[in-house]
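S.K.: Next comes query34.cif, mmCIF, N, CA and C atoms:
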```cif
data_start
loop_
_atom_site.label_atom_id
_atom_site.label_comp_id
_atom_site.auth_asym_id
_atom_site.auth_seq_id
_atom_site.Cartn_x
_atom_site.Cartn_y
_atom_site.Cartn_z
N GLN A 618 -1.90 13.43 -15.75
CA GLN A 618 -2.35 13.20 -14.38
C GLN A 618 -2.41 11.70 -14.12
N VAL A 619 -2.05 11.34 -12.91
CA VAL A 619 -2.04 9.94 -12.51
C VAL A 619 -3.20 9.68 -11.54
N GLN A 620 -3.87 8.58 -11.74
CA GLN A 620 -4.93 8.18 -10.82
C GLN A 620 -4.62 6.81 -10.24
N LEU A 621 -4.95 6.64 -8.97
CA LEU A 621 -4.76 5.38 -8.28
C LEU A 621 -6.11 4.89 -7.78
N VAL A 622 -6.43 3.65 -8.08
CA VAL A 622 -7.69 3.06 -7.64
C VAL A 622 -7.39 1.85 -6.77
N GLU A 623 -7.80 1.93 -5.51
CA GLU A 623 -7.55 0.86 -4.54
C GLU A 623 -8.78 -0.01 -4.39
N SER A 624 -8.53 -1.25 -4.02
CA SER A 624 -9.63 -2.17 -3.73
C SER A 624 -9.14 -3.24 -2.78
N GLY A 625 -10.09 -3.94 -2.16
CA GLY A 625 -9.74 -5.10 -1.34
C GLY A 625 -9.87 -4.91 0.15
N GLY A 626 -10.18 -3.71 0.60
CA GLY A 626 -10.34 -3.52 2.04
C GLY A 626 -11.62 -4.17 2.53
N GLY A 627 -11.79 -4.18 3.85
CA GLY A 627 -12.99 -4.75 4.42
C GLY A 627 -12.83 -5.08 5.88
N LEU A 628 -13.76 -5.89 6.37
CA LEU A 628 -13.78 -6.31 7.77
C LEU A 628 -13.36 -7.77 7.85
N VAL A 629 -12.44 -8.04 8.77
CA VAL A 629 -11.94 -9.40 8.93
C VAL A 629 -11.67 -9.65 10.40
N GLN A 630 -11.76 -10.89 10.81
CA GLN A 630 -11.44 -11.24 12.19
C GLN A 630 -9.93 -11.34 12.37
N ALA A 631 -9.50 -11.15 13.60
CA ALA A 631 -8.08 -11.28 13.93
C ALA A 631 -7.59 -12.66 13.50
N GLY A 632 -6.40 -12.67 12.90
CA GLY A 632 -5.85 -13.91 12.37
C GLY A 632 -6.18 -14.16 10.91
N GLY A 633 -7.09 -13.39 10.38
CA GLY A 633 -7.50 -13.55 9.00
C GLY A 633 -6.59 -12.85 8.02
N SER A 634 -7.01 -12.88 6.75
CA SER A 634 -6.20 -12.32 5.67
C SER A 634 -7.03 -11.42 4.77
N LEU A 635 -6.36 -10.47 4.17
CA LEU A 635 -6.95 -9.62 3.14
C LEU A 635 -5.87 -9.33 2.10
N ARG A 636 -6.32 -9.04 0.88
CA ARG A 636 -5.39 -8.64 -0.17
C ARG A 636 -5.86 -7.32 -0.76
N LEU A 637 -5.01 -6.33 -0.69
CA LEU A 637 -5.29 -5.02 -1.27
C LEU A 637 -4.66 -4.93 -2.65
N SER A 638 -5.35 -4.22 -3.54
CA SER A 638 -4.83 -3.98 -4.88
C SER A 638 -4.90 -2.48 -5.17
N CYS A 639 -3.97 -2.01 -5.98
CA CYS A 639 -3.96 -0.60 -6.37
C CYS A 639 -3.48 -0.51 -7.80
N ALA A 640 -4.34 -0.01 -8.68
CA ALA A 640 -3.99 0.14 -10.09
C ALA A 640 -3.77 1.61 -10.40
N ALA A 641 -2.64 1.90 -11.01
CA ALA A 641 -2.30 3.27 -11.40
C ALA A 641 -2.54 3.45 -12.89
N SER A 642 -3.08 4.59 -13.26
CA SER A 642 -3.31 4.90 -14.67
C SER A 642 -2.87 6.32 -14.96
N GLY A 643 -2.58 6.59 -16.24
CA GLY A 643 -2.12 7.92 -16.62
C GLY A 643 -0.69 7.88 -17.11
N SER A 644 -0.03 9.01 -17.08
CA SER A 644 1.36 9.11 -17.53
C SER A 644 2.30 8.72 -16.40
N ILE A 645 2.80 7.51 -16.49
CA ILE A 645 3.61 6.95 -15.40
C ILE A 645 4.98 6.60 -15.92
N PHE A 646 5.99 7.13 -15.27
CA PHE A 646 7.36 6.80 -15.62
C PHE A 646 7.65 5.38 -15.16
N SER A 647 8.33 4.62 -16.00
CA SER A 647 8.50 3.19 -15.73
C SER A 647 9.30 2.90 -14.47
N SER A 648 10.23 3.77 -14.14
CA SER A 648 11.02 3.57 -12.93
C SER A 648 10.37 4.34 -11.80
N ASN A 649 9.79 3.61 -10.87
CA ASN A 649 9.04 4.31 -9.83
C ASN A 649 8.98 3.49 -8.55
N LEU A 650 8.52 4.14 -7.54
CA LEU A 650 8.28 3.48 -6.27
C LEU A 650 6.78 3.42 -6.03
N MET A 651 6.29 2.27 -5.64
CA MET A 651 4.89 2.13 -5.26
C MET A 651 4.86 1.59 -3.82
N GLY A 652 3.83 1.98 -3.11
CA GLY A 652 3.80 1.54 -1.72
C GLY A 652 2.44 1.67 -1.09
N TRP A 653 2.38 1.15 0.12
CA TRP A 653 1.18 1.22 0.95
C TRP A 653 1.53 1.91 2.26
N TYR A 654 0.63 2.79 2.66
CA TYR A 654 0.74 3.49 3.92
C TYR A 654 -0.60 3.35 4.63
N ARG A 655 -0.62 3.60 5.92
CA ARG A 655 -1.89 3.50 6.64
C ARG A 655 -1.99 4.59 7.70
N GLN A 656 -3.24 4.90 8.02
CA GLN A 656 -3.49 5.92 9.04
C GLN A 656 -4.64 5.45 9.91
N ALA A 657 -4.34 5.24 11.17
CA ALA A 657 -5.35 4.87 12.15
C ALA A 657 -5.93 6.13 12.77
N PRO A 658 -7.12 6.05 13.33
CA PRO A 658 -7.75 7.24 13.95
C PRO A 658 -6.85 7.85 15.01
N GLY A 659 -6.65 9.15 14.92
CA GLY A 659 -5.84 9.86 15.90
C GLY A 659 -4.35 9.68 15.75
N LYS A 660 -3.92 9.01 14.70
CA LYS A 660 -2.49 8.77 14.49
C LYS A 660 -2.04 9.33 13.16
N GLN A 661 -0.72 9.50 13.03
CA GLN A 661 -0.17 9.97 11.77
C GLN A 661 -0.12 8.84 10.75
N ARG A 662 -0.10 9.24 9.49
CA ARG A 662 0.06 8.24 8.44
C ARG A 662 1.44 7.62 8.54
N GLU A 663 1.51 6.31 8.37
CA GLU A 663 2.79 5.61 8.49
C GLU A 663 3.01 4.67 7.32
N LEU A 664 4.28 4.41 7.06
CA LEU A 664 4.65 3.49 6.01
C LEU A 664 4.30 2.06 6.42
N VAL A 665 3.76 1.30 5.46
CA VAL A 665 3.55 -0.13 5.67
C VAL A 665 4.58 -0.91 4.87
N ALA A 666 4.64 -0.65 3.57
CA ALA A 666 5.59 -1.35 2.72
C ALA A 666 5.74 -0.60 1.40
N THR A 667 6.94 -0.68 0.82
CA THR A 667 7.18 -0.09 -0.49
C THR A 667 7.91 -1.09 -1.37
N ILE A 668 7.78 -0.87 -2.68
CA ILE A 668 8.48 -1.72 -3.65
C ILE A 668 8.84 -0.85 -4.85
N VAL A 669 10.08 -0.97 -5.31
CA VAL A 669 10.51 -0.21 -6.48
C VAL A 669 10.36 -1.07 -7.73
N SER A 670 10.56 -0.44 -8.87
CA SER A 670 10.31 -1.11 -10.15
C SER A 670 11.12 -2.40 -10.30
N ARG A 671 12.33 -2.40 -9.80
CA ARG A 671 13.18 -3.58 -9.95
C ARG A 671 12.90 -4.64 -8.89
N GLY A 672 11.99 -4.33 -7.95
CA GLY A 672 11.53 -5.37 -7.04
C GLY A 672 12.01 -5.29 -5.61
N SER A 673 12.93 -4.40 -5.30
CA SER A 673 13.38 -4.29 -3.91
C SER A 673 12.25 -3.80 -3.03
N THR A 674 12.16 -4.37 -1.85
CA THR A 674 11.06 -4.06 -0.95
C THR A 674 11.55 -3.52 0.39
N ASN A 675 10.64 -2.85 1.07
CA ASN A 675 10.91 -2.32 2.40
C ASN A 675 9.64 -2.44 3.21
N TYR A 676 9.76 -2.89 4.47
CA TYR A 676 8.58 -3.10 5.31
C TYR A 676 8.75 -2.41 6.66
N ALA A 677 7.63 -1.98 7.21
CA ALA A 677 7.64 -1.54 8.59
C ALA A 677 7.87 -2.76 9.48
N ASP A 678 8.56 -2.55 10.59
CA ASP A 678 8.85 -3.66 11.49
C ASP A 678 7.57 -4.35 11.96
N SER A 679 6.51 -3.58 12.13
CA SER A 679 5.27 -4.11 12.68
C SER A 679 4.57 -5.10 11.76
N VAL A 680 4.93 -5.11 10.48
CA VAL A 680 4.25 -6.01 9.54
C VAL A 680 5.17 -7.06 8.93
N LYS A 681 6.46 -6.99 9.24
CA LYS A 681 7.40 -7.95 8.68
C LYS A 681 7.00 -9.37 9.05
N GLY A 682 7.03 -10.24 8.06
CA GLY A 682 6.65 -11.63 8.28
C GLY A 682 5.16 -11.90 8.16
N ARG A 683 4.36 -10.85 8.10
CA ARG A 683 2.90 -11.03 7.99
C ARG A 683 2.36 -10.46 6.67
N PHE A 684 2.95 -9.37 6.21
CA PHE A 684 2.49 -8.71 4.98
C PHE A 684 3.51 -8.92 3.87
N THR A 685 3.01 -9.00 2.64
CA THR A 685 3.88 -9.12 1.48
C THR A 685 3.41 -8.15 0.40
N ILE A 686 4.34 -7.32 -0.06
CA ILE A 686 4.03 -6.39 -1.14
C ILE A 686 4.59 -6.96 -2.44
N SER A 687 3.84 -6.78 -3.52
CA SER A 687 4.28 -7.23 -4.84
C SER A 687 3.71 -6.29 -5.89
N ARG A 688 4.18 -6.43 -7.12
CA ARG A 688 3.70 -5.55 -8.18
C ARG A 688 3.76 -6.23 -9.52
N GLU A 689 2.91 -5.74 -10.42
CA GLU A 689 2.94 -6.14 -11.83
C GLU A 689 3.24 -4.88 -12.63
N ASN A 690 4.47 -4.75 -13.09
CA ASN A 690 4.88 -3.53 -13.78
C ASN A 690 4.07 -3.29 -15.05
N ALA A 691 3.75 -4.33 -15.78
CA ALA A 691 3.02 -4.17 -17.03
C ALA A 691 1.63 -3.58 -16.80
N LYS A 692 1.10 -3.80 -15.60
CA LYS A 692 -0.24 -3.30 -15.27
C LYS A 692 -0.19 -2.10 -14.34
N ASN A 693 1.02 -1.66 -13.97
CA ASN A 693 1.16 -0.57 -12.99
C ASN A 693 0.28 -0.82 -11.77
N THR A 694 0.35 -2.03 -11.28
CA THR A 694 -0.48 -2.44 -10.15
C THR A 694 0.39 -2.95 -9.01
N VAL A 695 0.02 -2.57 -7.81
CA VAL A 695 0.73 -3.04 -6.62
C VAL A 695 -0.28 -3.74 -5.71
N TYR A 696 0.19 -4.76 -5.04
CA TYR A 696 -0.64 -5.57 -4.15
C TYR A 696 -0.05 -5.58 -2.75
N LEU A 697 -0.93 -5.81 -1.78
CA LEU A 697 -0.47 -6.01 -0.41
C LEU A 697 -1.24 -7.20 0.15
N GLN A 698 -0.55 -8.31 0.31
CA GLN A 698 -1.14 -9.49 0.93
C GLN A 698 -0.92 -9.38 2.43
N MET A 699 -2.01 -9.37 3.17
CA MET A 699 -1.95 -9.18 4.62
C MET A 699 -2.45 -10.45 5.31
N ASN A 700 -1.57 -11.11 6.02
CA ASN A 700 -1.91 -12.34 6.76
C ASN A 700 -1.76 -12.10 8.25
N SER A 701 -2.35 -13.00 9.02
CA SER A 701 -2.27 -12.91 10.49
C SER A 701 -2.61 -11.51 10.98
N LEU A 702 -3.69 -11.00 10.49
CA LEU A 702 -4.08 -9.62 10.83
C LEU A 702 -4.40 -9.48 12.31
N LYS A 703 -4.08 -8.31 12.83
CA LYS A 703 -4.29 -7.98 14.23
C LYS A 703 -5.21 -6.76 14.34
N PRO A 704 -5.89 -6.59 15.45
CA PRO A 704 -6.74 -5.41 15.61
C PRO A 704 -5.95 -4.10 15.41
N GLU A 705 -4.69 -4.09 15.78
CA GLU A 705 -3.89 -2.87 15.60
C GLU A 705 -3.54 -2.58 14.14
N ASP A 706 -3.88 -3.48 13.24
CA ASP A 706 -3.72 -3.20 11.81
C ASP A 706 -4.90 -2.40 11.26
N THR A 707 -5.92 -2.20 12.06
CA THR A 707 -7.08 -1.43 11.63
C THR A 707 -6.67 -0.01 11.28
N ALA A 708 -7.01 0.40 10.06
CA ALA A 708 -6.63 1.73 9.57
C ALA A 708 -7.20 1.92 8.17
N VAL A 709 -7.07 3.15 7.69
CA VAL A 709 -7.29 3.40 6.27
C VAL A 709 -5.95 3.20 5.57
N TYR A 710 -5.95 2.37 4.56
CA TYR A 710 -4.73 2.06 3.82
C TYR A 710 -4.71 2.84 2.51
N TYR A 711 -3.59 3.52 2.27
CA TYR A 711 -3.42 4.37 1.10
C TYR A 711 -2.32 3.82 0.20
N CYS A 712 -2.59 3.85 -1.08
CA CYS A 712 -1.61 3.48 -2.09
C CYS A 712 -0.88 4.75 -2.54
N ARG A 713 0.38 4.59 -2.90
CA ARG A 713 1.19 5.72 -3.35
C ARG A 713 2.06 5.29 -4.51
N ILE A 714 2.25 6.21 -5.47
CA ILE A 714 3.24 6.02 -6.53
C ILE A 714 4.04 7.30 -6.65
N ARG A 715 5.36 7.16 -6.74
CA ARG A 715 6.23 8.32 -6.82
C ARG A 715 7.37 8.02 -7.78
N TYR A 716 7.69 9.00 -8.69
CA TYR A 716 8.88 8.83 -9.50
C TYR A 716 9.71 10.08 -9.62
N THR A 717 9.21 11.20 -9.13
CA THR A 717 10.03 12.39 -8.93
C THR A 717 9.46 13.11 -7.71
N ILE A 718 10.13 14.17 -7.30
CA ILE A 718 9.63 14.92 -6.15
C ILE A 718 8.24 15.48 -6.42
N VAL A 719 7.99 15.91 -7.64
CA VAL A 719 6.68 16.51 -7.95
C VAL A 719 5.68 15.48 -8.43
N ASN A 720 6.15 14.36 -8.95
CA ASN A 720 5.24 13.31 -9.40
C ASN A 720 5.07 12.30 -8.28
N ASP A 721 4.19 12.64 -7.37
CA ASP A 721 3.98 11.87 -6.14
C ASP A 721 2.47 11.85 -5.90
N TYR A 722 1.86 10.66 -6.07
CA TYR A 722 0.41 10.57 -6.08
C TYR A 722 -0.08 9.55 -5.06
N TRP A 723 -1.29 9.86 -4.54
CA TRP A 723 -1.90 9.01 -3.52
C TRP A 723 -3.29 8.58 -3.95
N GLY A 724 -3.68 7.39 -3.51
CA GLY A 724 -5.04 6.93 -3.72
C GLY A 724 -5.98 7.52 -2.69
N GLN A 725 -7.25 7.17 -2.81
CA GLN A 725 -8.27 7.74 -1.94
C GLN A 725 -8.37 7.01 -0.60
N GLY A 726 -7.75 5.85 -0.52
CA GLY A 726 -7.75 5.08 0.73
C GLY A 726 -8.82 4.01 0.75
N THR A 727 -8.51 2.91 1.43
CA THR A 727 -9.47 1.82 1.62
C THR A 727 -9.42 1.38 3.08
N GLN A 728 -10.59 1.19 3.67
CA GLN A 728 -10.66 0.87 5.09
C GLN A 728 -10.39 -0.60 5.33
N VAL A 729 -9.53 -0.87 6.28
CA VAL A 729 -9.30 -2.23 6.77
C VAL A 729 -9.64 -2.25 8.25
N THR A 730 -10.55 -3.12 8.63
CA THR A 730 -10.96 -3.23 10.02
C THR A 730 -10.77 -4.68 10.48
N VAL A 731 -10.02 -4.84 11.56
CA VAL A 731 -9.75 -6.17 12.10
C VAL A 731 -10.41 -6.26 13.47
N SER A 732 -11.33 -7.18 13.59
CA SER A 732 -12.06 -7.34 14.85
C SER A 732 -11.36 -8.39 15.73
N SER A 733 -11.47 -8.18 17.04
CA SER A 733 -10.80 -9.10 17.98
C SER A 733 -11.72 -10.23 18.39
#
```
Could you write out this file's structure as structure tokens?
M.R.:
Amino acid sequence: QVQLVESGGGLVQAGGSLRLSCAASGSIFSSNLMGWYRQAPGKQRELVATIVSRGSTNYADSVKGRFTISRENAKNTVYLQMNSLKPEDTAVYYCRIRYTIVNDYWGQGTQVTVSS
């Protein structure tokens, strides 16, 4: 079983920064995709950014140029550096790790609130 533990959420003013971390533990295949998703109240969960083991990244258009995803493979940890935060970035942010169709795991979520 795989567990994901997220940290780093909180309350920040618009224009500020936060860094989210997510550490995965358990039986993890070395070649995998890790990512961050978010869900705002009344909205569907959406992709924020993903990164594969070899380092290729993918970002939602809404965060390009402001957010940076990175990872430490040796620690099975993924980070999300969020700069120039906007009130519309307010959401619960979820970490995900996937390496097969059935091996697809989510964290419990961490709240990010951006005040105007």
S.K.: Can you pull out the residues contacting range 678-686 of chain A? Cut-off 7 Å, using all atoms listed in the file, and skip same-chain residues under 4 positions away; I want them as an mmCIF file with N, CA and C atoms, in the frame of the given file.
M.R.:
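Result written to selection36.cif:
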```cif
data_model
loop_
_atom_site.group_PDB
_atom_site.id
_atom_site.type_symbol
_atom_site.label_atom_id
_atom_site.label_comp_id
_atom_site.auth_asym_id
_atom_site.auth_seq_id
_atom_site.Cartn_x
_atom_site.Cartn_y
_atom_site.Cartn_z
ATOM 1 N N VAL A 665 3.760 1.300 5.460
ATOM 2 C CA VAL A 665 3.550 -0.130 5.670
ATOM 3 C C VAL A 665 4.580 -0.910 4.870
ATOM 4 N N ALA A 666 4.640 -0.650 3.570
ATOM 5 C CA ALA A 666 5.590 -1.350 2.720
ATOM 6 C C ALA A 666 5.740 -0.600 1.400
ATOM 7 N N THR A 667 6.940 -0.680 0.820
ATOM 8 C CA THR A 667 7.180 -0.090 -0.490
ATOM 9 C C THR A 667 7.910 -1.090 -1.370
ATOM 10 N N ILE A 668 7.780 -0.870 -2.680
ATOM 11 C CA ILE A 668 8.480 -1.720 -3.650
ATOM 12 C C ILE A 668 8.840 -0.850 -4.850
ATOM 13 N N VAL A 695 0.020 -2.570 -7.810
ATOM 14 C CA VAL A 695 0.730 -3.040 -6.620
ATOM 15 C C VAL A 695 -0.280 -3.740 -5.710
ATOM 16 N N TYR A 696 0.190 -4.760 -5.040
ATOM 17 C CA TYR A 696 -0.640 -5.570 -4.150
ATOM 18 C C TYR A 696 -0.050 -5.580 -2.750
ATOM 19 N N LEU A 697 -0.930 -5.810 -1.780
ATOM 20 C CA LEU A 697 -0.470 -6.010 -0.410
ATOM 21 C C LEU A 697 -1.240 -7.200 0.150
ATOM 22 N N GLN A 698 -0.550 -8.310 0.310
ATOM 23 C CA GLN A 698 -1.140 -9.490 0.930
ATOM 24 C C GLN A 698 -0.920 -9.380 2.430
ATOM 25 N N MET A 699 -2.010 -9.370 3.170
ATOM 26 C CA MET A 699 -1.950 -9.180 4.620
ATOM 27 C C MET A 699 -2.450 -10.450 5.310
ATOM 28 N N ASN A 700 -1.570 -11.110 6.020
ATOM 29 C CA ASN A 700 -1.910 -12.340 6.760
ATOM 30 C C ASN A 700 -1.760 -12.100 8.250
ATOM 31 N N SER A 701 -2.350 -13.000 9.020
ATOM 32 C CA SER A 701 -2.270 -12.910 10.490
ATOM 33 C C SER A 701 -2.610 -11.510 10.980
#
```
S.K.: With distances taken over only C-alpha atoms, which residue among A:Gln620, A:Lys703, A:Gln630, A:Val709 lies nearest Arg662 in chain A?
M.R.: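 Nearest candidate to Arg662 in chain A out of A:Gln620, A:Lys703, A:Gln630, A:Val709: A:Val709.
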S.K.: Which residue, A:Val629, A:Cys639, A:Ala708, A:Leu621, has the smallest gap to Ser733 in chain A when you use only N, CA and C atoms?
M.R.: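 Using only N, CA and C atoms, Ser733 in chain A sits closest to A:Val629.
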S.K.: Show me, as a list in words, the residues that have an atom within 8 Å of Thr717 in chain A when counting all atoms listed in the file, minus same-chain residues fewer than 6 positions from it.
M.R.: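 Result of the neighbour search: Ser648, Asn649 and Leu650 of chain A.
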S.K.: Kindly extract all protein, DNA and RNA residues lying within 8 Å of the coordinates (4.9, 8.8, -9.4) given in the file, considering all atoms listed in the file, and supply them as a list of chain:residue names.
M.R.: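 I get A:Val619, A:Ser644, A:Ile645, A:Phe646, A:Ser648, A:Asn649, A:Leu650, A:Met651, A:Arg713, A:Ile714, A:Arg715, A:Tyr716, A:Thr717, A:Ile718, A:Val719, A:Asn720, A:Asp721, A:Tyr722, A:Trp723 for the residues within 8 Å of that point.
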S.K.: Rounded to one decimal, what separation in Å do you get between atom C of Ser634 in chain A and CA of Arg671 in chain A?
M.R.: 26.2 Å
S.K.: If you measure from CA of Gly652 in chain A to CA of Val731 in chain A, what distance in Å do you get, rounded to one decimal?
M.R.: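 Computing the Euclidean distance for CA of Gly652 in chain A and CA of Val731 in chain A yields 20.8 Å.
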S.K.: Identify the residues within 6 Å of coordinate (-2.2, -3.3, -12.4) (same frame as the file), considering all atoms listed in the file, and give the answer as JSON, numbers by chain.
M.R.: {"A": [639, 640, 641, 689, 691, 692, 693, 694, 695]}
S.K.: Taking only C-alpha atoms into account, which of A:Leu702, A:Thr707, A:Ser732, A:Ser687 comes nearest Gly633 in chain A?
M.R.: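 Among A:Leu702, A:Thr707, A:Ser732, A:Ser687, it is A:Leu702 that comes nearest to Gly633 in chain A.
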S.K.: Would you mind reading off the distance between atom C of Asn675 in chain A and atom C of Ser647 in chain A, one decimal, in Å?
M.R.: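 Those two atoms sit 18.5 Å apart.
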S.K.: Given the PyMOL selection byres (((chain A and resi 626 and name CA) around 7) and name CA) and the file above, list the residues it selects as a VMD selection string.
M.R.: chain A and resid 624 to 625 627 637 727 to 729
S.K.: Determine which residues of chain A DSSP labels as helix (DSSP H, G or I) from the backbone of this structure, then write them out as JSON, numbers by chain.
M.R.: {"A": [678, 679, 680, 690, 691, 692, 704, 705, 706]}
S.K.: Print the selection's residues with N, CA and C atoms to a file, as an mmCIF file, in the coordinates of the input.
M.R.:
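What landed in part-v1.cif:
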```
data_model
loop_
_atom_site.group_PDB
_atom_site.id
_atom_site.type_symbol
_atom_site.label_atom_id
_atom_site.label_comp_id
_atom_site.auth_asym_id
_atom_site.auth_seq_id
_atom_site.Cartn_x
_atom_site.Cartn_y
_atom_site.Cartn_z
ATOM 1 N N ASP A 678 8.560 -2.550 10.590
ATOM 2 C CA ASP A 678 8.850 -3.660 11.490
ATOM 3 C C ASP A 678 7.570 -4.350 11.960
ATOM 4 N N SER A 679 6.510 -3.580 12.130
ATOM 5 C CA SER A 679 5.270 -4.110 12.680
ATOM 6 C C SER A 679 4.570 -5.100 11.760
ATOM 7 N N VAL A 680 4.930 -5.110 10.480
ATOM 8 C CA VAL A 680 4.250 -6.010 9.540
ATOM 9 C C VAL A 680 5.170 -7.060 8.930
ATOM 10 N N ASN A 690 4.470 -4.750 -13.090
ATOM 11 C CA ASN A 690 4.880 -3.530 -13.780
ATOM 12 C C ASN A 690 4.070 -3.290 -15.050
ATOM 13 N N ALA A 691 3.750 -4.330 -15.780
ATOM 14 C CA ALA A 691 3.020 -4.170 -17.030
ATOM 15 C C ALA A 691 1.630 -3.580 -16.800
ATOM 16 N N LYS A 692 1.100 -3.800 -15.600
ATOM 17 C CA LYS A 692 -0.240 -3.300 -15.270
ATOM 18 C C LYS A 692 -0.190 -2.100 -14.340
ATOM 19 N N PRO A 704 -5.890 -6.590 15.450
ATOM 20 C CA PRO A 704 -6.740 -5.410 15.610
ATOM 21 C C PRO A 704 -5.950 -4.100 15.410
ATOM 22 N N GLU A 705 -4.690 -4.090 15.780
ATOM 23 C CA GLU A 705 -3.890 -2.870 15.600
ATOM 24 C C GLU A 705 -3.540 -2.580 14.140
ATOM 25 N N ASP A 706 -3.880 -3.480 13.240
ATOM 26 C CA ASP A 706 -3.720 -3.200 11.810
ATOM 27 C C ASP A 706 -4.900 -2.400 11.260
#
```
S.K.: Counting only N, CA and C atoms, figure out which residue out of A:Tyr676, A:Gly726, A:Tyr710, A:Gly632 gets nearest to Ala657 in chain A.
M.R.: A:Tyr710
S.K.: Using only C-alpha atoms, which residue out of A:Pro704, A:Val669, A:Pro658, A:Cys712 lies closest to Leu628 in chain A?
M.R.: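 So, comparing all the options, the nearest one is A:Pro704.
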S.K.: Pick the closest to Gln618 in chain A from A:Gly659, A:Ala677, A:Gly724, A:Gly643: which is it, counting all atoms listed in the file?
M.R.: A:Gly643
S.K.: Can you list, as a PyMOL selection string, all residues belonging to chain A that DSSP tags as strand (DSSP E)?
M.R.: chain A and resi 620-624+627-630+635-642+650-656+663-669+674-676+684-689+694-699+708-715+721-723+727-732
